[in-house]
>>> print(open('final28.txt').read())   # compact mmCIF, C-alpha atoms and all ligand atoms
# COMPACT_ATOMS: atom_id res chain seq x y z
CA MET A 126 115.44 140.77 110.63
CA ASN A 127 112.58 140.54 113.09
CA ASP A 128 109.19 138.98 112.40
CA ILE A 129 110.51 136.29 110.10
CA PHE A 130 107.54 134.08 111.00
CA LYS A 131 103.96 134.88 110.08
CA THR A 132 102.24 133.76 113.25
CA GLU A 133 98.73 134.64 112.12
CA SER A 134 97.06 133.38 108.97
CA ILE A 135 94.23 135.36 107.47
CA ILE A 136 93.16 132.34 105.44
CA PHE A 137 93.55 129.29 107.64
CA GLN A 138 92.12 128.55 111.04
CA LYS A 139 93.27 124.93 111.41
CA LYS A 140 95.23 123.91 108.34
CA ALA A 141 96.25 120.50 109.77
CA VAL A 142 92.79 119.09 108.99
CA LEU A 143 93.68 119.26 105.29
CA SER A 144 96.85 117.22 105.70
CA GLU A 145 97.11 113.60 104.60
CA GLN A 146 97.67 112.41 108.17
CA TYR A 147 94.48 113.92 109.51
CA LEU A 148 91.85 111.40 110.55
CA PRO A 149 88.40 113.01 110.74
CA ASP A 150 86.24 112.37 113.81
CA SER A 151 83.38 111.24 111.63
CA LEU A 152 83.33 109.83 108.13
CA ILE A 153 80.72 110.84 105.63
CA ALA A 154 78.68 108.28 103.64
CA ARG A 155 80.66 105.31 104.88
CA ASP A 156 78.41 103.91 107.64
CA GLY A 157 77.83 100.71 105.65
CA GLN A 158 81.55 100.05 105.14
CA ILE A 159 82.37 100.93 108.77
CA ARG A 160 79.77 98.39 109.88
CA GLU A 161 81.04 95.71 107.46
CA ILE A 162 84.64 96.09 108.69
CA ALA A 163 83.51 96.19 112.32
CA GLU A 164 81.62 92.92 111.72
CA LEU A 165 84.82 91.30 110.46
CA ILE A 166 86.63 91.90 113.73
CA GLU A 167 83.73 91.93 116.18
CA PRO A 168 84.06 88.18 117.00
CA SER A 169 87.37 89.01 118.70
CA LEU A 170 85.49 91.11 121.25
CA HIS A 171 83.55 87.96 122.15
CA ARG A 172 86.71 85.88 122.35
CA GLY A 173 85.90 84.35 118.97
CA VAL A 174 87.83 84.04 115.73
CA PRO A 175 87.98 87.18 113.54
CA ASN A 176 87.01 87.02 109.86
CA ASN A 177 89.40 87.88 107.10
CA GLY A 178 88.52 90.68 104.71
CA LEU A 179 89.56 92.43 101.54
CA ILE A 180 88.71 96.10 101.19
CA MET A 181 88.71 97.36 97.62
CA GLY A 182 87.94 100.65 95.95
CA GLN A 183 89.51 103.31 93.78
CA LYS A 184 92.02 105.88 95.00
CA GLY A 185 90.80 108.37 97.54
CA THR A 186 87.54 106.63 98.36
CA GLY A 187 88.25 106.59 102.09
CA LYS A 188 89.58 103.03 102.56
CA THR A 189 92.57 103.97 104.73
CA SER A 190 90.59 106.52 106.74
CA VAL A 191 87.73 104.13 107.42
CA ALA A 192 90.10 101.28 108.33
CA LYS A 193 92.06 103.51 110.74
CA PHE A 194 88.81 104.78 112.22
CA VAL A 195 87.62 101.22 112.97
CA ILE A 196 91.06 100.11 114.24
CA LYS A 197 91.24 103.07 116.61
CA GLN A 198 87.86 102.26 118.12
CA PHE A 199 88.67 98.57 118.41
CA ASN A 200 92.01 99.22 120.13
CA GLU A 201 90.28 101.54 122.58
CA ILE A 202 87.47 99.12 123.46
CA ALA A 203 89.41 95.82 123.54
CA PRO A 204 91.67 96.52 126.56
CA LYS A 205 88.73 97.88 128.55
CA ASP A 206 86.99 94.51 128.09
CA GLU A 207 90.26 92.70 128.84
CA ILE A 208 90.43 91.32 125.32
CA ASP A 209 93.95 90.29 124.28
CA THR A 210 93.59 91.19 120.62
CA VAL A 211 95.26 94.13 118.92
CA CYS A 212 94.54 95.56 115.51
CA ILE A 213 97.78 96.30 113.72
CA PHE A 214 97.96 98.70 110.79
CA VAL A 215 100.73 98.03 108.28
CA ASN A 216 101.43 100.30 105.32
CA CYS A 217 102.68 97.93 102.60
CA GLY A 218 103.94 100.90 100.59
CA ILE A 219 106.66 101.12 103.25
CA ALA A 220 106.75 97.57 104.65
CA ASN A 221 106.74 96.03 101.17
CA THR A 222 108.48 92.72 101.88
CA VAL A 223 107.44 89.76 104.03
CA SER A 224 110.24 90.34 106.56
CA ARG A 225 109.37 94.03 106.93
CA VAL A 226 105.71 93.22 107.52
CA ILE A 227 106.72 90.67 110.17
CA LEU A 228 109.08 93.20 111.79
CA GLU A 229 106.26 95.73 111.91
CA ILE A 230 103.85 93.25 113.54
CA VAL A 231 106.46 92.06 116.05
CA HIS A 232 107.34 95.65 116.86
CA GLN A 233 103.72 96.41 117.70
CA VAL A 234 103.16 93.20 119.68
CA SER A 235 106.49 93.16 121.54
CA PRO A 236 108.18 96.56 121.20
CA GLU A 237 110.92 95.43 123.58
CA LEU A 238 112.18 92.72 121.19
CA GLN A 239 115.26 93.68 119.17
CA VAL A 240 114.93 91.88 115.84
CA PRO A 241 117.64 92.31 113.17
CA LYS A 242 116.26 94.05 110.08
CA THR A 243 118.20 91.78 107.72
CA GLY A 244 120.23 88.63 107.76
CA LEU A 245 117.69 86.10 109.04
CA SER A 246 115.99 83.44 106.96
CA MET A 247 112.27 83.77 106.31
CA ASN A 248 111.62 80.84 108.67
CA GLU A 249 113.52 82.60 111.42
CA TYR A 250 111.42 85.75 110.96
CA TYR A 251 108.20 83.73 111.08
CA ASN A 252 109.39 81.88 114.21
CA ILE A 253 110.08 85.20 115.94
CA LEU A 254 106.52 86.26 115.14
CA TRP A 255 104.93 83.00 116.37
CA ASP A 256 107.03 83.11 119.56
CA ALA A 257 106.05 86.72 120.23
CA LEU A 258 102.34 85.92 119.84
CA ASN A 259 102.54 82.76 121.97
CA GLU A 260 104.63 84.45 124.64
CA LYS A 261 102.19 87.37 124.98
CA GLN A 262 99.10 85.23 124.39
CA THR A 263 97.98 87.94 122.02
CA SER A 264 95.70 87.57 119.03
CA ILE A 265 96.16 90.03 116.18
CA ILE A 266 94.19 91.51 113.34
CA VAL A 267 96.65 92.62 110.72
CA VAL A 268 95.40 95.35 108.41
CA LEU A 269 97.61 95.45 105.33
CA ASP A 270 97.05 98.78 103.58
CA ASP A 271 98.06 99.23 99.92
CA LEU A 272 98.40 95.46 99.66
CA GLU A 273 99.18 95.66 95.93
CA MET A 274 102.58 97.13 96.89
CA LEU A 275 103.59 94.00 98.81
CA LYS A 276 106.18 92.14 96.74
CA ASN A 277 105.15 88.66 97.84
CA LEU A 278 101.69 87.60 98.94
CA ASP A 279 102.88 84.34 100.56
CA ILE A 280 102.56 85.99 103.94
CA LEU A 281 98.76 85.93 103.56
CA MET A 282 98.89 82.15 103.28
CA SER A 283 101.34 81.77 106.19
CA LEU A 284 99.32 84.01 108.51
CA SER A 285 96.03 82.33 107.63
CA GLN A 286 97.48 78.84 108.16
CA ALA A 287 99.42 79.60 111.36
CA GLY A 288 96.72 78.10 113.60
CA GLY A 289 96.11 75.01 111.47
CA LYS A 290 99.82 74.30 111.33
CA MET A 291 100.08 74.67 115.14
CA HIS A 292 102.60 77.52 114.96
CA ILE A 293 100.45 79.47 117.37
CA ALA A 294 98.58 78.38 120.49
CA ASN A 295 94.93 77.34 120.27
CA ASP A 296 93.61 80.53 121.76
CA VAL A 297 95.81 82.82 119.68
CA HIS A 298 94.13 83.95 116.45
CA ILE A 299 95.23 85.94 113.43
CA GLY A 300 92.79 87.94 111.33
CA ILE A 301 93.89 89.50 108.05
CA ILE A 302 92.34 92.50 106.37
CA GLY A 303 93.87 93.58 103.08
CA ILE A 304 93.21 96.95 101.46
CA SER A 305 93.79 97.66 97.79
CA ASN A 306 92.98 100.38 95.29
CA ASP A 307 93.37 97.85 92.50
CA VAL A 308 89.78 96.92 91.81
CA PHE A 309 90.94 93.83 89.95
CA PHE A 310 93.16 92.73 92.82
CA THR A 311 91.33 89.42 93.42
CA GLU A 312 92.26 88.32 89.91
CA LYS A 313 95.91 88.30 91.01
CA LEU A 314 95.25 85.85 93.84
CA SER A 315 95.71 82.13 93.30
CA PRO A 316 92.70 79.86 93.94
CA GLY A 317 94.71 78.20 96.76
CA LEU A 318 95.26 81.54 98.46
CA ILE A 319 91.62 82.60 98.04
CA GLN A 320 90.50 79.32 99.60
CA SER A 321 92.97 79.50 102.47
CA VAL A 322 92.35 83.15 103.37
CA ASN A 323 88.58 82.87 102.82
CA TYR A 324 87.95 86.59 102.98
CA LYS A 325 84.84 88.73 102.80
CA GLU A 326 84.94 91.63 100.35
CA VAL A 327 84.15 95.18 101.39
CA ILE A 328 83.67 97.51 98.43
CA PHE A 329 84.21 101.28 98.53
CA PRO A 330 82.33 102.86 95.62
CA PRO A 331 83.39 106.33 94.43
CA TYR A 332 81.66 109.26 96.12
CA ASN A 333 78.99 111.12 94.20
CA GLU A 334 79.06 114.91 93.92
CA GLU A 335 76.84 115.51 96.95
CA GLU A 336 78.95 113.24 99.15
CA LEU A 337 82.15 114.91 98.00
CA ALA A 338 80.62 118.32 98.66
CA GLU A 339 79.68 117.20 102.16
CA ILE A 340 83.22 115.94 102.83
CA LEU A 341 84.76 119.18 101.56
CA ASN A 342 82.29 121.43 103.35
CA SER A 343 82.84 119.73 106.68
CA ARG A 344 86.64 119.87 106.25
CA SER A 345 86.78 123.45 105.00
CA SER A 346 84.61 124.74 107.84
CA ILE A 347 87.34 123.68 110.29
CA ALA A 348 90.32 124.47 108.06
CA PHE A 349 89.49 128.00 106.93
CA ARG A 350 88.56 131.17 108.71
CA GLU A 351 84.95 132.22 108.40
CA GLU A 352 83.84 133.55 105.00
CA VAL A 353 87.29 133.25 103.49
CA ILE A 354 86.37 130.86 100.67
CA ASP A 355 83.84 131.87 98.05
CA GLU A 356 80.95 129.73 96.81
CA TYR A 357 82.79 128.50 93.68
CA VAL A 358 85.78 127.00 95.50
CA ILE A 359 84.29 123.67 96.56
CA PRO A 360 82.37 122.99 93.29
CA THR A 361 85.61 123.69 91.38
CA CYS A 362 87.61 121.32 93.61
CA ILE A 363 84.99 118.62 92.92
CA LEU A 364 84.93 119.31 89.19
CA LEU A 365 88.71 119.00 88.93
CA SER A 366 89.00 115.86 91.05
CA GLN A 367 86.30 113.72 89.52
CA LYS A 368 88.57 111.76 87.25
CA ASP A 369 91.38 111.01 89.65
CA GLY A 370 91.87 110.83 93.34
CA TYR A 371 88.33 111.72 94.40
CA ALA A 372 88.29 112.98 97.98
CA TYR A 373 92.09 112.89 98.18
CA LYS A 374 92.63 115.22 95.24
CA ALA A 375 89.70 117.45 96.15
CA ILE A 376 91.14 118.06 99.64
CA LYS A 377 94.63 118.58 98.22
CA LEU A 378 93.24 121.25 95.86
CA LEU A 379 91.50 122.97 98.74
CA GLU A 380 94.73 123.08 100.75
CA LYS A 381 96.84 124.29 97.84
CA ALA A 382 94.29 126.94 96.83
CA GLY A 383 94.49 128.31 100.38
CA ASN A 384 98.30 128.25 100.27
CA ILE A 385 98.35 130.13 96.98
CA ALA A 386 95.99 132.83 98.27
CA GLU A 387 98.16 133.15 101.37
CA ARG A 388 101.36 133.39 99.33
CA LYS A 389 99.80 136.17 97.26
CA ASN A 390 98.78 137.98 100.43
CA GLU A 391 95.14 137.84 99.43
CA ASP A 392 92.46 137.60 102.09
CA PHE A 393 90.04 135.27 100.33
CA VAL A 394 90.14 132.06 98.27
CA SER A 395 88.32 131.85 94.92
CA ASP A 396 88.01 129.34 92.07
CA LYS A 397 90.95 131.15 90.41
CA HIS A 398 93.18 129.84 93.22
CA VAL A 399 91.78 126.33 92.74
CA PHE A 400 92.73 126.37 89.04
CA LEU A 401 96.23 127.57 89.95
CA ALA A 402 96.40 124.80 92.56
CA ASN A 403 95.46 122.30 89.88
CA ASP A 404 98.31 123.53 87.65
CA GLU A 405 100.71 123.21 90.57
CA LEU A 406 99.56 119.65 91.26
CA LYS A 407 100.00 118.71 87.61
CA SER A 408 103.53 120.07 87.51
CA GLU A 409 104.39 118.34 90.80
CA SER A 410 103.24 114.99 89.47
CA GLY A 411 105.13 115.70 86.23
CA ILE A 412 108.28 116.37 88.24
CA GLU A 413 107.77 113.06 90.05
CA THR A 414 107.63 111.21 86.72
CA LEU A 415 110.98 112.78 85.71
CA LYS A 416 112.59 111.00 88.65
CA LYS A 417 111.56 107.68 87.11
CA LEU A 418 112.94 108.29 83.60
CA PRO A 419 115.62 105.94 82.20
CA ILE A 420 119.18 107.30 82.51
CA HIS A 421 119.67 108.39 78.86
CA GLN A 422 116.41 110.36 78.86
CA LYS A 423 117.53 112.06 82.06
CA LEU A 424 120.88 112.96 80.51
CA VAL A 425 119.28 114.44 77.38
CA LEU A 426 116.90 116.55 79.46
CA LEU A 427 119.72 117.57 81.76
CA SER A 428 121.73 118.66 78.72
CA VAL A 429 118.84 120.85 77.59
CA VAL A 430 118.38 122.56 80.96
CA ARG A 431 122.13 123.06 81.39
CA LEU A 432 122.44 124.71 77.98
CA ALA A 433 119.29 126.84 78.07
CA LYS A 434 120.26 128.99 81.00
CA VAL A 435 117.43 131.49 80.76
CA SER A 436 113.80 130.74 80.07
CA ASP A 437 113.54 131.99 76.46
CA GLU A 438 117.04 131.01 75.36
CA LYS A 439 116.88 128.76 72.31
CA ILE A 440 119.40 125.99 71.66
CA THR A 441 119.81 123.53 68.80
CA THR A 442 119.65 119.74 68.63
CA GLY A 443 123.35 119.69 67.74
CA GLN A 444 124.28 121.51 70.95
CA VAL A 445 122.15 119.09 72.99
CA VAL A 446 123.77 116.06 71.35
CA ALA A 447 127.28 117.42 72.10
CA GLU A 448 126.42 118.17 75.74
CA TYR A 449 124.75 114.77 76.14
CA GLN A 450 127.81 112.98 74.71
CA ASP A 451 130.00 114.89 77.14
CA LEU A 452 127.81 113.86 80.11
CA CYS A 453 127.84 110.23 78.93
CA SER A 454 131.64 110.19 78.78
CA LYS A 455 131.83 111.61 82.32
CA LEU A 456 129.63 108.71 83.47
CA ASP A 457 131.47 106.12 81.35
CA LEU A 458 128.32 105.41 79.37
CA ASN A 459 128.04 104.69 75.65
CA PRO A 460 125.96 107.54 74.19
CA LEU A 461 122.95 106.78 72.01
CA GLY A 462 122.94 108.14 68.44
CA ARG A 463 121.57 111.49 67.24
CA THR A 464 118.30 109.92 66.00
CA SER A 465 117.55 108.55 69.47
CA VAL A 466 118.35 111.90 71.09
CA SER A 467 116.12 113.65 68.56
CA LYS A 468 113.29 111.24 69.36
CA MET A 469 113.64 111.95 73.08
CA ILE A 470 113.53 115.69 72.40
CA SER A 471 110.24 115.14 70.50
CA GLU A 472 108.84 113.20 73.46
CA PHE A 473 109.77 115.99 75.91
CA ASP A 474 108.17 118.42 73.48
CA MET A 475 104.97 116.36 73.40
CA GLN A 476 104.90 116.29 77.20
CA ASP A 477 105.20 120.09 77.07
CA ILE A 478 108.36 120.09 79.21
CA ILE A 479 110.26 121.79 76.43
CA SER A 480 109.31 123.39 73.15
CA ALA A 481 111.22 122.17 70.09
CA SER A 482 110.24 123.83 66.83
CA HIS A 483 111.80 122.94 63.47
CA ARG A 484 113.82 125.50 61.59
CA SER A 485 115.21 125.09 58.12
CA ARG A 486 118.92 125.79 57.74
CA GLY A 487 118.73 125.96 53.93
CA ARG A 488 121.06 123.51 52.30
CA TYR A 489 122.37 122.38 55.69
CA GLY A 490 119.03 120.67 56.35
CA LYS A 491 116.82 121.17 59.36
CA THR A 492 117.49 121.71 63.01
CA ARG A 493 115.32 122.40 65.97
CA LEU A 494 115.19 125.35 68.28
CA ILE A 495 114.65 124.19 71.81
CA ASN A 496 113.67 126.07 74.92
CA VAL A 497 112.53 124.90 78.34
CA LYS A 498 108.90 125.43 79.39
CA TRP A 499 108.86 123.99 82.90
CA ASP A 500 110.72 125.53 85.80
CA ARG A 501 114.40 124.71 85.13
CA ASP A 502 115.38 124.51 88.78
CA ARG A 503 112.65 122.03 89.56
CA ILE A 504 113.59 119.87 86.58
CA LYS A 505 117.22 119.88 87.71
CA GLU A 506 116.23 119.06 91.26
CA ALA A 507 114.24 116.03 90.01
CA LEU A 508 117.09 114.85 87.78
CA TYR A 509 119.82 115.30 90.39
CA TYR A 510 117.66 113.20 92.71
CA ASP A 511 119.33 110.29 90.86
CA TYR A 512 122.58 109.77 92.77
CA LYS A 513 124.37 108.72 89.54
CA LEU A 514 123.94 112.26 88.23
CA LYS A 515 125.02 113.99 91.43
CA ASP A 516 128.60 114.76 90.39
CA LEU A 517 127.86 116.03 86.89
N1 LIG A 601 83.98 109.57 104.07
C1 LIG A 601 84.88 110.52 104.31
N2 LIG A 601 84.64 111.52 105.18
C2 LIG A 601 85.58 112.47 105.40
N3 LIG A 601 86.77 112.50 104.81
C3 LIG A 601 87.07 111.53 103.92
C4 LIG A 601 86.15 110.49 103.64
N4 LIG A 601 86.69 109.66 102.72
C5 LIG A 601 87.90 110.14 102.44
N5 LIG A 601 88.13 111.26 103.15
C6 LIG A 601 89.36 112.05 103.08
O1 LIG A 601 89.85 111.93 101.76
C7 LIG A 601 91.25 111.68 101.74
C8 LIG A 601 91.56 110.37 101.07
O2 LIG A 601 91.03 109.29 101.84
P1 LIG A 601 91.84 107.93 102.05
O3 LIG A 601 93.29 108.17 102.12
O4 LIG A 601 91.20 107.24 103.19
O5 LIG A 601 91.50 107.18 100.69
P2 LIG A 601 92.01 105.76 100.19
O6 LIG A 601 90.80 105.07 99.62
O7 LIG A 601 92.76 105.05 101.24
O8 LIG A 601 92.95 106.17 98.99
P3 LIG A 601 94.21 105.35 98.35
O9 LIG A 601 93.62 104.25 97.54
O10 LIG A 601 94.89 106.38 97.49
O11 LIG A 601 95.05 104.87 99.48
C9 LIG A 601 91.70 111.77 103.19
O12 LIG A 601 92.15 113.07 103.44
C10 LIG A 601 90.44 111.49 103.98
O13 LIG A 601 90.47 112.14 105.22
MG MG A 602 94.75 104.48 101.30
>>> encode(input="final28.txt", output="structure tokens")
Amino acid sequence: MNDIFKTESIIFQKKAVLSEQYLPDSLIARDGQIREIAELIEPSLHRGVPNNGLIMGQKGTGKTSVAKFVIKQFNEIAPKDEIDTVCIFVNCGIANTVSRVILEIVHQVSPELQVPKTGLSMNEYYNILWDALNEKQTSIIVVLDDLEMLKNLDILMSLSQAGGKMHIANDVHIGIIGISNDVFFTEKLSPGLIQSVNYKEVIFPPYNEEELAEILNSRSSIAFREEVIDEYVIPTCILLSQKDGYAYKAIKLLEKAGNIAERKNEDFVSDKHVFLANDELKSESGIETLKKLPIHQKLVLLSVVRLAKVSDEKITTGQVVAEYQDLCSKLDLNPLGRTSVSKMISEFDMQDIISASHRSRGRYGKTRLINVKWDRDRIKEALYYDYKLKDL
């Protein structure tokens, strides 16, 4: 078959600007925060000591984007002025332990160093970091994004006390900037840590409707072809993203709405596509939550989707219990009783994953007729994501 790729899109002009990785050239309504973060690290450009900071604000309020924007500019200017300070961005969602954060910093300061990923004591990891900084005579500003994901906050204390404890040379400095979407994050910090790190707070308030509209308008004008999106698209994206995710969700909806229109071979995007995009997002996040279910819940749901092979096929609680018991024995697990299974079925019903209506069986009591409402293949995919279920 020829032409398996669609090389031209009638909807998108530059879709990449809607992706999570995209860093816009200018950030809307964040001049104040950009200035506050720049002020934290500015002393380094004058061979002074950087200030520590804590950036806080709800999801999707631009914390990561603004921080990366400031870091990029700093790392461009500093070498030109022969300043030996680098700003290092660490994603604590990935580097979520002290050793991984240290490895990330060392990798950016001395990429040539081969440091074992495991097997060293914490002291040994810290010593590798101090040696790397002293050897290169480099000061660092460590920006720890999604700080609430870091399993142990001791590293904040160690980094802030490195100079005082003479681990690093006099002219080597460490600045720390934490970022968190937990607006109560400071309440989790001990008074000793707060005193030692002595940070300034930078707050990211949620965007208002006009600011969100400006963000979406500027992004969509690059992302979409001219006159492809109608006037209701952006207001609908804003309406549907006000409760959660702010700019993040609004941009995601815009991207998905465009994808849906493209999939349907339509040549424009309307609010109808945004609503469909919202449904898709909801089901995706629902599928993600299935991956986190406890094992017995997964097995009960797996039993249902294995038995109900077509979308309107109805099965009974008894059949589910038998299938579930069979799966448990294959995994050498003790099955839970029928009441527990029945309760789980009710929960899945309440979450609208399945429908389970009661039906009287006369003198044999009551049973339930169950059918699956979500896409069976996607449920299975989420459940089989658990390696314990792989061979079932
Ligand atoms: N002021 C802005 N101007 C332009 N785009 C923005 C702005 N703020 C956020 N965005 C866009 O919104 C999305 C979410 O922003 P970002 O990831 O920076 O938020 P966040 O506060 O770090 O969220 P989280 O707490 O979930 O990590 C990104 O696509 C980003 O480009
Ligand atoms: Mg972020």
>>> residues_around(input="final28.txt", residues="Leu456 in chain A", least_positions_apart="5", cutoff="12 Å", atoms="all atoms listed in the file", output="list in words")
Ile420, His421, Leu424, Tyr449, Gln450, Asp451, Tyr512, Lys513, Leu514, Lys515, Asp516 and Leu517 of chain A
>>> residues_around(input="final28.txt", residues="range 171-179 of chain A", least_positions_apart="5", cutoff="8 Å", atoms="all atoms listed in the file", output="list of chain:residue names")
A:Ile162, A:Leu165, A:Ile166, A:Ile208, A:Ile266, A:His298, A:Ile299, A:Gly300, A:Ile301, A:Ile302, A:Gly303, A:Ile304, A:Ser305, A:Val322, A:Asn323, A:Tyr324, A:Lys325, A:Glu326, A:Val327
>>> write_last_selection(input="final28.txt", atoms="C-alpha atoms", output="mmCIF file, in the frame of the given file")
data_model
loop_
_atom_site.group_PDB
_atom_site.id
_atom_site.type_symbol
_atom_site.label_atom_id
_atom_site.label_comp_id
_atom_site.auth_asym_id
_atom_site.auth_seq_id
_atom_site.Cartn_x
_atom_site.Cartn_y
_atom_site.Cartn_z
ATOM 1 C CA ILE A 162 84.640 96.090 108.690
ATOM 2 C CA LEU A 165 84.820 91.300 110.460
ATOM 3 C CA ILE A 166 86.630 91.900 113.730
ATOM 4 C CA ILE A 208 90.430 91.320 125.320
ATOM 5 C CA ILE A 266 94.190 91.510 113.340
ATOM 6 C CA HIS A 298 94.130 83.950 116.450
ATOM 7 C CA ILE A 299 95.230 85.940 113.430
ATOM 8 C CA GLY A 300 92.790 87.940 111.330
ATOM 9 C CA ILE A 301 93.890 89.500 108.050
ATOM 10 C CA ILE A 302 92.340 92.500 106.370
ATOM 11 C CA GLY A 303 93.870 93.580 103.080
ATOM 12 C CA ILE A 304 93.210 96.950 101.460
ATOM 13 C CA SER A 305 93.790 97.660 97.790
ATOM 14 C CA VAL A 322 92.350 83.150 103.370
ATOM 15 C CA ASN A 323 88.580 82.870 102.820
ATOM 16 C CA TYR A 324 87.950 86.590 102.980
ATOM 17 C CA LYS A 325 84.840 88.730 102.800
ATOM 18 C CA GLU A 326 84.940 91.630 100.350
ATOM 19 C CA VAL A 327 84.150 95.180 101.390
#
>>> atom_distance(input="final28.txt", atom1="CA of Ala257 in chain A", atom2="CA of Leu238 in chain A")
8.6 Å
>>> residues_around(input="final28.txt", residues="Asn277 in chain A", least_positions_apart="4", cutoff="12 Å", atoms="all atoms listed in the file", output="PyMOL selection string")
chain A and resi 217+220-226+272-273+281-283+313-314
>>> residues_near_ligand(input="final28.txt", ligand="ligand MG 602 (chain A)", cutoff="8 Å", atoms="all atoms listed in the file", output="JSON, numbers by chain")
{"A": [184, 185, 187, 188, 189, 190, 270, 271, 304, 305, 306]}
>>> residues_near_ligand(input="final28.txt", ligand="ligand LIG 601 (chain A)", cutoff="9 Å", atoms="all atoms listed in the file", output="ChimeraX atom specification")
/A:142-156,181-193,270-271,304-307,329,332,336-337,339-341,343-344,370-377
>>> axis_aligned_box(input="final28.txt", around="range 460-467 of chain A", padding_each_side="5 Å", output="lines of an AutoDock Vina configuration file")
center_x = 121.0
center_y = 110.2
center_z = 70.1
size_x = 19.8
size_y = 16.9
size_z = 18.2
>>> atom_distance(input="final28.txt", atom1="CA of Ser366 in chain A", atom2="CA of Glu506 in chain A")
27.4 Å
